[in-house]
Amino acid sequence: MEIGKIIGKNINKLRKMKGLTQQDLANKFNYTANAVSRWERGETIPDIEVLITLASTFGVTIDCLLTENGYEKKAQFLDSDGIRKRKLILSVLIISIFWTIIAIVFIYLYQNKINNAWTCFLWGIPASTLPPIYLYRKEKKPVMTFLLATILLWSLLTAIYVQYYKYNLALIFLVGIPAQLSIFFLSRIIDIQH
């Protein structure tokens, strides 16, 4: 079997395994459904950059696209969507464990009549942003990383202000302005690199 037909069959099978139509796949790559159809029939072969992206989209190696019945090897590779879902579930699990600990600390402080025991919940907000920031940074999603880092910054400043309100630390929010600019420019640099 010629290479074009092999690649086409693998694209066809992997596309269907992913539950995508030819139009769905075409939209991901800014091609037409007709171009995808021609790939699948083996009339044309996608260029190497598209093959790399196709392999990533399907969660396989390029070797799977180039090998006869390579789509059958998909079971040997972890689906990238599955990896993302596991990371998201892990982040939610870590956050829920963290908030459980915060609730326990609050109950302890409240039972011992510690003033402002409720502020432990304020400290939980910035700490809760750390697992998702790590996840989205690894997933190369600079917009989400930027938003979460912004929440981290301003909730941390708010927690410090509220915890130590008797010291009149309102000016601490001025620290947030250059820090926010740093977060913005850092996210732009990361976005450019990816």
# chains A, B, ... in the order shown; residues from 1 in each chain; ligands from 1
$ residues_around --residues "A:Gly4" --least-positions-apart "3" --cutoff "7 Å" --atoms "only C-alpha atoms" --output "number ranges by chain"
A: 7-8, 42-45
$ residues_around --residues "A:Gln22" --least-positions-apart "4" --cutoff "7 Å" --atoms "only C-alpha atoms" --output "ChimeraX atom specification"
/A:26,33,36-37
$ select_by_dssp --residues "stretch 39-112 of chain A" --states "alpha helix (DSSP H)" --output "JSON, numbers by chain"
{"A": [39, 40, 41, 48, 49, 50, 51, 52, 53, 54, 55, 56, 57, 58, 62, 63, 64, 65, 66, 80, 81, 82, 83, 84, 85, 86, 87, 88, 89, 90, 91, 92, 93, 94, 95, 96, 97, 98, 99, 100, 101, 102, 103, 104, 105, 106, 107, 108, 109, 110, 111]}
$ write_last_selection --atoms "C-alpha atoms" --output "short mmCIF file (atom, residue, chain, number, x, y, z; two decimals), in the first residue's frame"
data_model
loop_
_atom_site.label_atom_id
_atom_site.label_comp_id
_atom_site.auth_asym_id
_atom_site.auth_seq_id
_atom_site.Cartn_x
_atom_site.Cartn_y
_atom_site.Cartn_z
CA TRP A 39 -6.09 13.26 2.57
CA GLU A 40 -8.26 10.36 3.67
CA ARG A 41 -8.54 9.00 0.14
CA ILE A 48 4.93 17.63 7.79
CA GLU A 49 3.75 20.45 10.08
CA VAL A 50 0.14 19.38 9.62
CA LEU A 51 1.12 15.72 10.22
CA ILE A 52 2.77 16.73 13.50
CA THR A 53 -0.33 18.64 14.58
CA LEU A 54 -2.60 15.79 13.45
CA ALA A 55 -0.59 13.33 15.52
CA SER A 56 -0.86 15.63 18.54
CA THR A 57 -4.60 16.13 17.98
CA PHE A 58 -5.19 12.38 17.84
CA ILE A 62 3.75 10.54 13.68
CA ASP A 63 4.88 6.93 13.31
CA CYS A 64 1.27 5.86 13.87
CA LEU A 65 0.16 8.05 10.99
CA LEU A 66 2.85 6.65 8.66
CA SER A 80 -4.10 13.89 25.37
CA ASP A 81 -7.70 14.73 26.32
CA GLY A 82 -7.55 12.01 28.96
CA ILE A 83 -4.32 13.45 30.34
CA ARG A 84 -5.88 16.92 30.52
CA LYS A 85 -8.95 15.57 32.28
CA ARG A 86 -6.81 13.70 34.80
CA LYS A 87 -4.78 16.85 35.48
CA LEU A 88 -7.96 18.87 35.93
CA ILE A 89 -9.43 16.26 38.29
CA LEU A 90 -6.15 16.17 40.22
CA SER A 91 -6.20 19.98 40.54
CA VAL A 92 -9.79 19.95 41.77
CA LEU A 93 -8.93 17.16 44.22
CA ILE A 94 -5.95 19.12 45.59
CA ILE A 95 -8.08 22.26 45.91
CA SER A 96 -10.90 20.38 47.68
CA ILE A 97 -8.44 18.79 50.12
CA PHE A 98 -6.93 22.20 50.72
CA TRP A 99 -10.35 23.77 51.44
CA THR A 100 -11.19 20.87 53.76
CA ILE A 101 -8.03 21.66 55.73
CA ILE A 102 -8.96 25.36 55.79
CA ALA A 103 -12.43 24.48 57.12
CA ILE A 104 -10.84 22.35 59.86
CA VAL A 105 -8.47 25.20 60.77
CA PHE A 106 -11.39 27.62 60.85
CA ILE A 107 -13.40 25.35 63.15
CA TYR A 108 -10.40 24.98 65.45
CA LEU A 109 -9.76 28.74 65.56
CA TYR A 110 -13.45 29.53 66.00
CA GLN A 111 -13.83 27.00 68.82
#
$ residues_around --residues "stretch 127-129 of chain A" --least-positions-apart "4" --cutoff "7 Å" --atoms "only C-alpha atoms" --output "number ranges by chain"
A: 95, 123, 133, 148, 152
$ write_last_selection --atoms "C-alpha atoms" --output "compact mmCIF listing (two decimals), in the first residue's frame"
# COMPACT_ATOMS: atom_id res chain seq x y z
CA ILE A 95 -8.08 22.26 45.91
CA TRP A 123 -5.84 32.98 52.57
CA ILE A 133 -1.88 27.99 37.40
CA LEU A 148 -5.33 32.99 37.55
CA LEU A 152 -3.58 35.13 43.01
$ residues_around --residues "A:Ala179" --least-positions-apart "4" --cutoff "10 Å" --atoms "only C-alpha atoms" --output "list in words"
Thr150, Leu153, Trp154, Phe173, Leu174, Val175, Ile183, Phe184 and Phe185 of chain A
$ decode --residues "stretch 161-175 of chain A" --atoms "N, CA and C atoms" --output "tab-separated table (two decimals), in the first residue's frame"
chain	number	residue	atom	x	y	z
A	161	TYR	N	-4.07	42.59	53.63
A	161	TYR	CA	-4.71	43.81	54.11
A	161	TYR	C	-5.73	43.52	55.21
A	162	VAL	N	-6.59	42.53	54.96
A	162	VAL	CA	-7.64	42.21	55.93
A	162	VAL	C	-7.04	41.61	57.21
A	163	GLN	N	-6.08	40.74	57.06
A	163	GLN	CA	-5.47	40.09	58.22
A	163	GLN	C	-4.80	41.13	59.14
A	164	TYR	N	-4.18	42.13	58.52
A	164	TYR	CA	-3.44	43.12	59.30
A	164	TYR	C	-4.04	44.51	59.18
A	165	TYR	N	-5.40	44.57	59.14
A	165	TYR	CA	-6.09	45.84	58.92
A	165	TYR	C	-5.76	46.89	59.97
A	166	LYS	N	-5.45	46.46	61.20
A	166	LYS	CA	-5.18	47.43	62.26
A	166	LYS	C	-3.89	48.23	62.00
A	167	TYR	N	-3.06	47.75	61.08
A	167	TYR	CA	-1.83	48.47	60.74
A	167	TYR	C	-2.03	49.44	59.59
A	168	ASN	N	-3.28	49.57	59.13
A	168	ASN	CA	-3.61	50.49	58.05
A	168	ASN	C	-2.70	50.28	56.83
A	169	LEU	N	-2.79	49.11	56.24
A	169	LEU	CA	-1.93	48.74	55.11
A	169	LEU	C	-2.59	48.98	53.75
A	170	ALA	N	-3.45	49.97	53.67
A	170	ALA	CA	-4.15	50.22	52.40
A	170	ALA	C	-3.18	50.46	51.24
A	171	LEU	N	-2.03	51.01	51.55
A	171	LEU	CA	-1.05	51.29	50.49
A	171	LEU	C	-0.45	50.01	49.89
A	172	ILE	N	-0.69	48.88	50.53
A	172	ILE	CA	-0.16	47.63	49.99
A	172	ILE	C	-0.71	47.34	48.59
A	173	PHE	N	-1.89	47.88	48.31
A	173	PHE	CA	-2.48	47.66	46.99
A	173	PHE	C	-1.69	48.36	45.89
A	174	LEU	N	-0.88	49.34	46.26
A	174	LEU	CA	-0.01	49.97	45.26
A	174	LEU	C	1.02	48.97	44.74
A	175	VAL	N	1.40	48.02	45.57
A	175	VAL	CA	2.34	46.97	45.14
A	175	VAL	C	1.73	46.18	43.99
